[in-house]
>>> print(open('my_file-v9.pdb').read())   # PDB, C-alpha atoms
ATOM      1  CA  MET A   1       0.000   0.000   0.000  1.00  0.00           C
ATOM      2  CA  THR A   2       1.286   3.459  -0.873  1.00  0.00           C
ATOM      3  CA  ILE A   3       0.932   6.915   0.567  1.00  0.00           C
ATOM      4  CA  MET A   4      -0.191   8.240  -2.810  1.00  0.00           C
ATOM      5  CA  SER A   5       0.976  11.804  -2.270  1.00  0.00           C
ATOM      6  CA  GLU A   6       2.108  12.614  -5.800  1.00  0.00           C
ATOM      7  CA  ALA A   7       1.080  15.964  -7.283  1.00  0.00           C
ATOM      8  CA  PRO A   8      -2.537  16.257  -8.422  1.00  0.00           C
ATOM      9  CA  SER A   9      -3.288  16.958 -12.062  1.00  0.00           C
ATOM     10  CA  VAL A  10      -4.421  20.474 -11.230  1.00  0.00           C
ATOM     11  CA  ALA A  11      -2.288  23.572 -10.974  1.00  0.00           C
ATOM     12  CA  VAL A  12      -0.576  23.979  -7.624  1.00  0.00           C
ATOM     13  CA  THR A  13      -0.076  27.526  -6.389  1.00  0.00           C
ATOM     14  CA  GLY A  14       2.919  28.634  -4.365  1.00  0.00           C
ATOM     15  CA  GLY A  15       6.672  28.419  -4.695  1.00  0.00           C
ATOM     16  CA  PRO A  16       8.835  25.466  -5.761  1.00  0.00           C
ATOM     17  CA  TYR A  17       8.945  23.938  -2.281  1.00  0.00           C
ATOM     18  CA  ARG A  18       5.222  24.006  -1.524  1.00  0.00           C
ATOM     19  CA  GLN A  19       4.389  20.657  -3.107  1.00  0.00           C
ATOM     20  CA  PRO A  20       7.329  18.752  -1.542  1.00  0.00           C
ATOM     21  CA  ILE A  21       6.430  20.225   1.847  1.00  0.00           C
ATOM     22  CA  VAL A  22       2.767  19.198   1.527  1.00  0.00           C
ATOM     23  CA  ALA A  23       3.730  15.697   0.352  1.00  0.00           C
ATOM     24  CA  SER A  24       6.144  15.314   3.275  1.00  0.00           C
ATOM     25  CA  ALA A  25       3.495  16.518   5.710  1.00  0.00           C
ATOM     26  CA  ILE A  26       1.068  13.913   4.379  1.00  0.00           C
ATOM     27  CA  GLU A  27       3.641  11.153   4.761  1.00  0.00           C
ATOM     28  CA  LEU A  28       4.591  12.268   8.264  1.00  0.00           C
ATOM     29  CA  THR A  29       0.946  12.518   9.341  1.00  0.00           C
ATOM     30  CA  VAL A  30       0.256   9.015   8.066  1.00  0.00           C
ATOM     31  CA  ARG A  31       3.351   7.587   9.729  1.00  0.00           C
ATOM     32  CA  SER A  32       3.366   9.403  13.056  1.00  0.00           C
ATOM     33  CA  GLY A  33       0.157  11.438  13.412  1.00  0.00           C
ATOM     34  CA  TRP A  34      -0.686  15.104  12.940  1.00  0.00           C
ATOM     35  CA  SER A  35       0.669  16.065  16.340  1.00  0.00           C
ATOM     36  CA  SER A  36       4.155  14.992  15.213  1.00  0.00           C
ATOM     37  CA  VAL A  37       4.166  17.421  12.273  1.00  0.00           C
ATOM     38  CA  THR A  38       6.224  20.547  12.934  1.00  0.00           C
ATOM     39  CA  MET A  39       7.574  23.170  10.587  1.00  0.00           C
ATOM     40  CA  SER A  40      11.108  22.380  11.776  1.00  0.00           C
ATOM     41  CA  LYS A  41      10.720  18.690  11.029  1.00  0.00           C
ATOM     42  CA  LEU A  42       9.308  19.405   7.583  1.00  0.00           C
ATOM     43  CA  ALA A  43      12.182  21.772   6.870  1.00  0.00           C
ATOM     44  CA  GLU A  44      14.635  19.026   7.788  1.00  0.00           C
ATOM     45  CA  ILE A  45      12.866  16.430   5.604  1.00  0.00           C
ATOM     46  CA  VAL A  46      12.611  18.684   2.551  1.00  0.00           C
ATOM     47  CA  GLY A  47      16.064  20.192   3.040  1.00  0.00           C
ATOM     48  CA  VAL A  48      15.060  23.831   3.374  1.00  0.00           C
ATOM     49  CA  SER A  49      14.999  26.382   6.175  1.00  0.00           C
ATOM     50  CA  ARG A  50      12.108  26.596   8.599  1.00  0.00           C
ATOM     51  CA  GLN A  51      11.438  30.111   7.303  1.00  0.00           C
ATOM     52  CA  THR A  52      10.990  28.679   3.814  1.00  0.00           C
ATOM     53  CA  VAL A  53       8.322  26.322   5.143  1.00  0.00           C
ATOM     54  CA  TYR A  54       6.535  29.254   6.772  1.00  0.00           C
ATOM     55  CA  ASN A  55       6.869  31.322   3.600  1.00  0.00           C
ATOM     56  CA  GLU A  56       5.308  28.540   1.522  1.00  0.00           C
ATOM     57  CA  LEU A  57       2.490  27.511   3.881  1.00  0.00           C
ATOM     58  CA  GLY A  58       2.074  30.279   6.449  1.00  0.00           C
ATOM     59  CA  SER A  59       0.989  28.279   9.492  1.00  0.00           C
ATOM     60  CA  LYS A  60       0.243  24.739  10.579  1.00  0.00           C
ATOM     61  CA  THR A  61      -3.464  25.370  10.064  1.00  0.00           C
ATOM     62  CA  GLN A  62      -2.800  26.473   6.514  1.00  0.00           C
ATOM     63  CA  LEU A  63      -0.607  23.420   6.035  1.00  0.00           C
ATOM     64  CA  ALA A  64      -3.481  21.152   7.095  1.00  0.00           C
ATOM     65  CA  GLU A  65      -5.799  22.938   4.665  1.00  0.00           C
ATOM     66  CA  ALA A  66      -3.232  22.475   1.881  1.00  0.00           C
ATOM     67  CA  MET A  67      -2.909  18.764   2.637  1.00  0.00           C
ATOM     68  CA  ILE A  68      -6.648  18.193   2.539  1.00  0.00           C
ATOM     69  CA  SER A  69      -7.026  20.343  -0.582  1.00  0.00           C
ATOM     70  CA  HIS A  70      -4.269  18.269  -2.214  1.00  0.00           C
ATOM     71  CA  GLU A  71      -6.268  15.073  -1.675  1.00  0.00           C
ATOM     72  CA  LEU A  72      -9.530  16.749  -2.724  1.00  0.00           C
ATOM     73  CA  ALA A  73      -7.910  17.813  -6.005  1.00  0.00           C
ATOM     74  CA  ARG A  74      -6.784  14.261  -6.656  1.00  0.00           C
ATOM     75  CA  PHE A  75     -10.280  12.875  -6.132  1.00  0.00           C
ATOM     76  CA  LEU A  76     -11.881  15.498  -8.364  1.00  0.00           C
ATOM     77  CA  SER A  77      -9.300  14.888 -11.087  1.00  0.00           C
ATOM     78  CA  VAL A  78     -10.277  11.203 -11.142  1.00  0.00           C
ATOM     79  CA  VAL A  79     -13.895  12.205 -11.725  1.00  0.00           C
ATOM     80  CA  ARG A  80     -12.993  14.703 -14.430  1.00  0.00           C
ATOM     81  CA  GLU A  81     -10.798  12.223 -16.299  1.00  0.00           C
ATOM     82  CA  ALA A  82     -13.496   9.517 -16.181  1.00  0.00           C
ATOM     83  CA  PHE A  83     -15.981  11.806 -17.914  1.00  0.00           C
ATOM     84  CA  GLU A  84     -13.413  12.880 -20.472  1.00  0.00           C
ATOM     85  CA  ARG A  85     -12.783   9.227 -21.388  1.00  0.00           C
ATOM     86  CA  HIS A  86     -16.488   8.625 -22.095  1.00  0.00           C
ATOM     87  CA  PRO A  87     -17.944  11.707 -23.805  1.00  0.00           C
ATOM     88  CA  ASP A  88     -20.776   9.698 -25.369  1.00  0.00           C
ATOM     89  CA  ASP A  89     -21.746   7.306 -22.561  1.00  0.00           C
ATOM     90  CA  LEU A  90     -22.936   8.896 -19.333  1.00  0.00           C
ATOM     91  CA  VAL A  91     -23.413   5.641 -17.425  1.00  0.00           C
ATOM     92  CA  GLU A  92     -19.944   4.394 -18.358  1.00  0.00           C
ATOM     93  CA  ALA A  93     -18.504   7.737 -17.217  1.00  0.00           C
ATOM     94  CA  ILE A  94     -20.302   7.437 -13.877  1.00  0.00           C
ATOM     95  CA  HIS A  95     -19.087   3.857 -13.472  1.00  0.00           C
ATOM     96  CA  ASP A  96     -15.452   4.786 -14.116  1.00  0.00           C
ATOM     97  CA  ALA A  97     -15.650   7.854 -11.880  1.00  0.00           C
ATOM     98  CA  VAL A  98     -17.096   5.907  -8.957  1.00  0.00           C
ATOM     99  CA  ARG A  99     -14.668   3.022  -9.344  1.00  0.00           C
ATOM    100  CA  GLY A 100     -11.688   5.351  -9.712  1.00  0.00           C
ATOM    101  CA  VAL A 101     -12.602   7.354  -6.609  1.00  0.00           C
ATOM    102  CA  LEU A 102     -13.177   4.245  -4.492  1.00  0.00           C
ATOM    103  CA  GLU A 103      -9.921   2.647  -5.646  1.00  0.00           C
ATOM    104  CA  LEU A 104      -8.068   5.843  -4.844  1.00  0.00           C
ATOM    105  CA  ALA A 105      -9.665   5.951  -1.399  1.00  0.00           C
ATOM    106  CA  ASP A 106      -8.822   2.296  -0.791  1.00  0.00           C
ATOM    107  CA  ASP A 107      -5.111   3.038  -1.277  1.00  0.00           C
ATOM    108  CA  ASN A 108      -5.077   6.442   0.386  1.00  0.00           C
ATOM    109  CA  LEU A 109      -3.318   6.357   3.735  1.00  0.00           C
ATOM    110  CA  LEU A 110      -4.061   9.989   4.538  1.00  0.00           C
ATOM    111  CA  LEU A 111      -7.753   9.184   4.268  1.00  0.00           C
ATOM    112  CA  ARG A 112      -7.230   6.327   6.696  1.00  0.00           C
ATOM    113  CA  ALA A 113      -5.549   8.766   9.074  1.00  0.00           C
ATOM    114  CA  ILE A 114      -8.529  11.092   8.698  1.00  0.00           C
ATOM    115  CA  VAL A 115     -10.918   8.255   9.518  1.00  0.00           C
ATOM    116  CA  SER A 116      -8.820   7.493  12.587  1.00  0.00           C
ATOM    117  CA  ALA A 117      -9.069  11.141  13.608  1.00  0.00           C
ATOM    118  CA  THR A 118     -12.857  10.902  13.606  1.00  0.00           C
ATOM    119  CA  HIS A 119     -12.521   8.118  16.165  1.00  0.00           C
ATOM    120  CA  GLY A 120     -10.617  10.122  18.725  1.00  0.00           C
ATOM    121  CA  ALA A 121      -7.068  10.565  17.433  1.00  0.00           C
ATOM    122  CA  ASP A 122      -5.493  13.817  16.318  1.00  0.00           C
ATOM    123  CA  THR A 123      -8.501  15.886  17.319  1.00  0.00           C
ATOM    124  CA  GLU A 124      -6.679  19.069  16.270  1.00  0.00           C
ATOM    125  CA  LEU A 125      -7.498  18.163  12.666  1.00  0.00           C
ATOM    126  CA  LEU A 126     -11.211  17.588  13.194  1.00  0.00           C
ATOM    127  CA  PRO A 127     -12.503  21.164  12.702  1.00  0.00           C
ATOM    128  CA  LEU A 128     -10.609  21.466   9.424  1.00  0.00           C
ATOM    129  CA  LEU A 129     -11.753  18.052   8.280  1.00  0.00           C
ATOM    130  CA  THR A 130     -15.363  18.981   8.939  1.00  0.00           C
ATOM    131  CA  VAL A 131     -15.037  22.124   6.834  1.00  0.00           C
ATOM    132  CA  ARG A 132     -13.253  20.346   4.004  1.00  0.00           C
ATOM    133  CA  ALA A 133     -15.794  17.499   4.009  1.00  0.00           C
ATOM    134  CA  GLY A 134     -18.405  20.107   3.164  1.00  0.00           C
ATOM    135  CA  SER A 135     -16.164  21.422   0.414  1.00  0.00           C
ATOM    136  CA  LEU A 136     -15.718  17.934  -0.993  1.00  0.00           C
ATOM    137  CA  LEU A 137     -19.474  17.447  -1.152  1.00  0.00           C
ATOM    138  CA  SER A 138     -20.181  20.830  -2.747  1.00  0.00           C
ATOM    139  CA  GLU A 139     -17.265  20.768  -5.203  1.00  0.00           C
ATOM    140  CA  ALA A 140     -18.007  17.212  -6.318  1.00  0.00           C
ATOM    141  CA  THR A 141     -21.680  18.102  -6.770  1.00  0.00           C
ATOM    142  CA  VAL A 142     -20.899  21.206  -8.827  1.00  0.00           C
ATOM    143  CA  MET A 143     -18.464  19.287 -11.028  1.00  0.00           C
ATOM    144  CA  LEU A 144     -20.880  16.424 -11.609  1.00  0.00           C
ATOM    145  CA  ARG A 145     -23.772  18.757 -12.349  1.00  0.00           C
ATOM    146  CA  GLY A 146     -21.833  20.464 -15.112  1.00  0.00           C
ATOM    147  CA  ARG A 147     -20.523  17.203 -16.540  1.00  0.00           C
ATOM    148  CA  VAL A 148     -23.848  15.366 -16.488  1.00  0.00           C
ATOM    149  CA  ARG A 149     -25.790  18.221 -18.060  1.00  0.00           C
ATOM    150  CA  ALA A 150     -23.525  17.981 -21.116  1.00  0.00           C
ATOM    151  CA  TYR A 151     -25.114  14.575 -21.853  1.00  0.00           C
ATOM    152  CA  ASP A 152     -28.597  16.158 -21.933  1.00  0.00           C
ATOM    153  CA  PRO A 153     -30.254  13.595 -19.613  1.00  0.00           C
ATOM    154  CA  PRO A 154     -34.089  13.395 -19.583  1.00  0.00           C
ATOM    155  CA  LEU A 155     -34.426  15.116 -16.186  1.00  0.00           C
ATOM    156  CA  ASP A 156     -35.289  18.652 -15.192  1.00  0.00           C
ATOM    157  CA  ALA A 157     -32.830  20.671 -13.112  1.00  0.00           C
ATOM    158  CA  SER A 158     -34.317  19.765  -9.718  1.00  0.00           C
ATOM    159  CA  GLN A 159     -34.516  16.060 -10.568  1.00  0.00           C
ATOM    160  CA  LEU A 160     -30.936  16.081 -11.783  1.00  0.00           C
ATOM    161  CA  ASP A 161     -29.769  17.756  -8.581  1.00  0.00           C
ATOM    162  CA  VAL A 162     -31.463  15.040  -6.498  1.00  0.00           C
ATOM    163  CA  ALA A 163     -29.885  12.256  -8.570  1.00  0.00           C
ATOM    164  CA  ILE A 164     -26.409  13.786  -8.349  1.00  0.00           C
ATOM    165  CA  ASP A 165     -26.726  14.383  -4.609  1.00  0.00           C
ATOM    166  CA  VAL A 166     -27.658  10.727  -4.067  1.00  0.00           C
ATOM    167  CA  VAL A 167     -24.689   9.492  -6.090  1.00  0.00           C
ATOM    168  CA  VAL A 168     -22.190  11.809  -4.380  1.00  0.00           C
ATOM    169  CA  ARG A 169     -23.396  11.020  -0.867  1.00  0.00           C
ATOM    170  CA  THR A 170     -23.448   7.288  -1.603  1.00  0.00           C
ATOM    171  CA  VAL A 171     -19.885   7.372  -2.903  1.00  0.00           C
ATOM    172  CA  LEU A 172     -18.711   9.325   0.157  1.00  0.00           C
ATOM    173  CA  SER A 173     -20.391   6.799   2.466  1.00  0.00           C
ATOM    174  CA  HIS A 174     -18.573   3.973   0.690  1.00  0.00           C
ATOM    175  CA  ILE A 175     -15.284   5.847   1.039  1.00  0.00           C
ATOM    176  CA  MET A 176     -15.753   6.022   4.795  1.00  0.00           C
ATOM    177  CA  GLN A 177     -17.249   2.534   5.220  1.00  0.00           C
ATOM    178  CA  PRO A 178     -16.978   0.298   2.139  1.00  0.00           C
ATOM    179  CA  SER A 179     -19.449  -2.579   1.956  1.00  0.00           C
ATOM    180  CA  ASP A 180     -18.082  -4.203  -1.210  1.00  0.00           C
ATOM    181  CA  THR A 181     -15.244  -3.930  -3.705  1.00  0.00           C
ATOM    182  CA  PRO A 182     -14.850  -0.698  -5.698  1.00  0.00           C
ATOM    183  CA  ALA A 183     -15.704  -2.601  -8.897  1.00  0.00           C
ATOM    184  CA  ARG A 184     -18.970  -4.010  -7.562  1.00  0.00           C
ATOM    185  CA  THR A 185     -19.976  -0.774  -5.889  1.00  0.00           C
ATOM    186  CA  ALA A 186     -19.330   1.136  -9.120  1.00  0.00           C
ATOM    187  CA  ASP A 187     -21.324  -1.416 -11.078  1.00  0.00           C
ATOM    188  CA  GLY A 188     -24.250  -1.071  -8.702  1.00  0.00           C
ATOM    189  CA  LEU A 189     -24.248   2.720  -8.827  1.00  0.00           C
ATOM    190  CA  ALA A 190     -23.944   2.677 -12.615  1.00  0.00           C
ATOM    191  CA  TRP A 191     -26.907   0.292 -12.756  1.00  0.00           C
ATOM    192  CA  MET A 192     -28.911   2.634 -10.527  1.00  0.00           C
ATOM    193  CA  ALA A 193     -27.883   5.698 -12.551  1.00  0.00           C
ATOM    194  CA  SER A 194     -28.991   4.085 -15.803  1.00  0.00           C
ATOM    195  CA  ARG A 195     -32.458   3.509 -14.319  1.00  0.00           C
ATOM    196  CA  VAL A 196     -32.783   6.983 -12.816  1.00  0.00           C
ATOM    197  CA  LEU A 197     -31.434   8.771 -15.877  1.00  0.00           C
ATOM    198  CA  GLY A 198     -33.364   6.606 -18.306  1.00  0.00           C
ATOM    199  CA  THR A 199     -30.338   6.503 -20.553  1.00  0.00           C
ATOM    200  CA  SER A 200     -28.773   3.743 -22.620  1.00  0.00           C
ATOM    201  CA  THR A 201     -25.229   2.468 -22.196  1.00  0.00           C
ATOM    202  CA  THR A 202     -22.763   0.326 -24.100  1.00  0.00           C
ATOM    203  CA  ARG A 203     -21.717  -1.582 -20.970  1.00  0.00           C
ATOM    204  CA  SER A 204     -23.437  -4.671 -19.601  1.00  0.00           C
ATOM    205  CA  LEU A 205     -24.774  -3.711 -16.187  1.00  0.00           C
ATOM    206  CA  ARG A 206     -25.580  -6.050 -13.378  1.00  0.00           C
ATOM    207  CA  HIS A 207     -26.668  -5.518  -9.809  1.00  0.00           C
ATOM    208  CA  PRO A 208     -23.671  -6.224  -7.537  1.00  0.00           C
ATOM    209  CA  SER A 209     -23.685  -9.531  -5.675  1.00  0.00           C
ATOM    210  CA  ARG A 210     -21.437 -11.256  -3.161  1.00  0.00           C
ATOM    211  CA  ASP A 211     -21.153 -14.599  -4.915  1.00  0.00           C
TER     212      ASP A 211
END
>>> encode(input="my_file-v9.pdb", output="structure tokens")
Amino acid sequence: MTIMSEAPSVAVTGGPYRQPIVASAIELTVRSGWSSVTMSKLAEIVGVSRQTVYNELGSKTQLAEAMISHELARFLSVVREAFERHPDDLVEAIHDAVRGVLELADDNLLLRAIVSATHGADTELLPLLTVRAGSLLSEATVMLRGRVRAYDPPLDASQLDVAIDVVVRTVLSHIMQPSDTPARTADGLAWMASRVLGTSTTRSLRHPSRD
């Protein structure tokens, strides 16, 4: 299992040391906990001065926000790329997006650290995680709304919003507490989406089973 802290496929603001500092902070948090992360330790790991770390990130709170934003960007990029691979098949795009997100979550050690935090560890991170969880929900919903509308599904705006909200919240619940493999969960959600959207697909859908 890997830490999966490589740069997201979105533009990263800041100086040349920002990304290495954020990646090192993620690795250190996963390995030793958020309380072990200090600007001095990060400076030593990256090979820069402590002032450089402060110049790039500002404060430990801002560092935490950057770490969580880094992971959020990676999840959203998976969704974006899935839709770009299937411009003519909405259900296939949804399937690939769901599967990609769940596979990323399954191999994401920072996410596991976040889950641990919700169970009593590293409580200093909890307020930030709560805020960013809301951002994840809203940003994923906005992205999906724009992507799905491009396929001209047979739903009005309010119906489409309900369908997207259900998919996003279901995926997030499976990230936090998976009940099946990413492949089967994605297949089930794609099956459901095809029924709700009343759209055809080139893939053979089946309801997920545990056989």
>>> closest_residue(input="my_file-v9.pdb", among="A:Thr141, A:Asn108, A:Ser194, A:Thr185", to="Val168 of chain A", atoms="only C-alpha atoms")
A:Thr141
>>> closest_residue(input="my_file-v9.pdb", among="A:Ser69, A:Asp107, A:Val79, A:Thr170", to="His95 of chain A", atoms="all atoms listed in the file")
A:Val79
>>> closest_residue(input="my_file-v9.pdb", among="A:Val91, A:Ala150, A:Ala97, A:Leu137", to="Val166 of chain A", atoms="only C-alpha atoms")
A:Leu137
>>> resolve_selection(input="my_file-v9.pdb", expression="the PyMOL selection byres ((chain A and resi 86) around 12)", output="number ranges by chain")
A: 79-85, 87-97, 147-148, 150-151, 201-203
>>> atom_distance(input="my_file-v9.pdb", atom1="atom CA of Trp191 of chain A", atom2="atom CA of Ala163 of chain A")
13.0 Å
>>> closest_residue(input="my_file-v9.pdb", among="A:Ile26, A:Ala140, A:Met192, A:Val171", to="Glu65 of chain A", atoms="only C-alpha atoms")
A:Ile26
>>> atom_distance(input="my_file-v9.pdb", atom1="atom CA of Pro154 of chain A", atom2="atom CA of Gly198 of chain A")
6.9 Å
>>> residues_around(input="my_file-v9.pdb", residues="Thr52 of chain A", least_positions_apart="6", cutoff="12 Å", atoms="all atoms listed in the file", output="ChimeraX atom specification")
/A:14-18,20-21,39-40,42-44,46,58-59
>>> write_last_selection(input="my_file-v9.pdb", atoms="C-alpha atoms", output="PDB file, in the frame of the given file")
ATOM      1  CA  GLY A  14       2.919  28.634  -4.365  1.00  0.00           C
ATOM      2  CA  GLY A  15       6.672  28.419  -4.695  1.00  0.00           C
ATOM      3  CA  PRO A  16       8.835  25.466  -5.761  1.00  0.00           C
ATOM      4  CA  TYR A  17       8.945  23.938  -2.281  1.00  0.00           C
ATOM      5  CA  ARG A  18       5.222  24.006  -1.524  1.00  0.00           C
ATOM      6  CA  PRO A  20       7.329  18.752  -1.542  1.00  0.00           C
ATOM      7  CA  ILE A  21       6.430  20.225   1.847  1.00  0.00           C
ATOM      8  CA  MET A  39       7.574  23.170  10.587  1.00  0.00           C
ATOM      9  CA  SER A  40      11.108  22.380  11.776  1.00  0.00           C
ATOM     10  CA  LEU A  42       9.308  19.405   7.583  1.00  0.00           C
ATOM     11  CA  ALA A  43      12.182  21.772   6.870  1.00  0.00           C
ATOM     12  CA  GLU A  44      14.635  19.026   7.788  1.00  0.00           C
ATOM     13  CA  VAL A  46      12.611  18.684   2.551  1.00  0.00           C
ATOM     14  CA  GLY A  58       2.074  30.279   6.449  1.00  0.00           C
ATOM     15  CA  SER A  59       0.989  28.279   9.492  1.00  0.00           C
TER      16      SER A  59
END
>>> closest_residue(input="my_file-v9.pdb", among="A:Pro182, A:Met176, A:Gln62, A:Leu189", to="Ile164 of chain A", atoms="all atoms listed in the file")
A:Leu189
>>> residues_around(input="my_file-v9.pdb", residues="Thr181 of chain A", least_positions_apart="2", cutoff="12 Å", atoms="only C-alpha atoms", output="ChimeraX atom specification")
/A:98-103,105-106,174-175,177-179,183-188,208-210
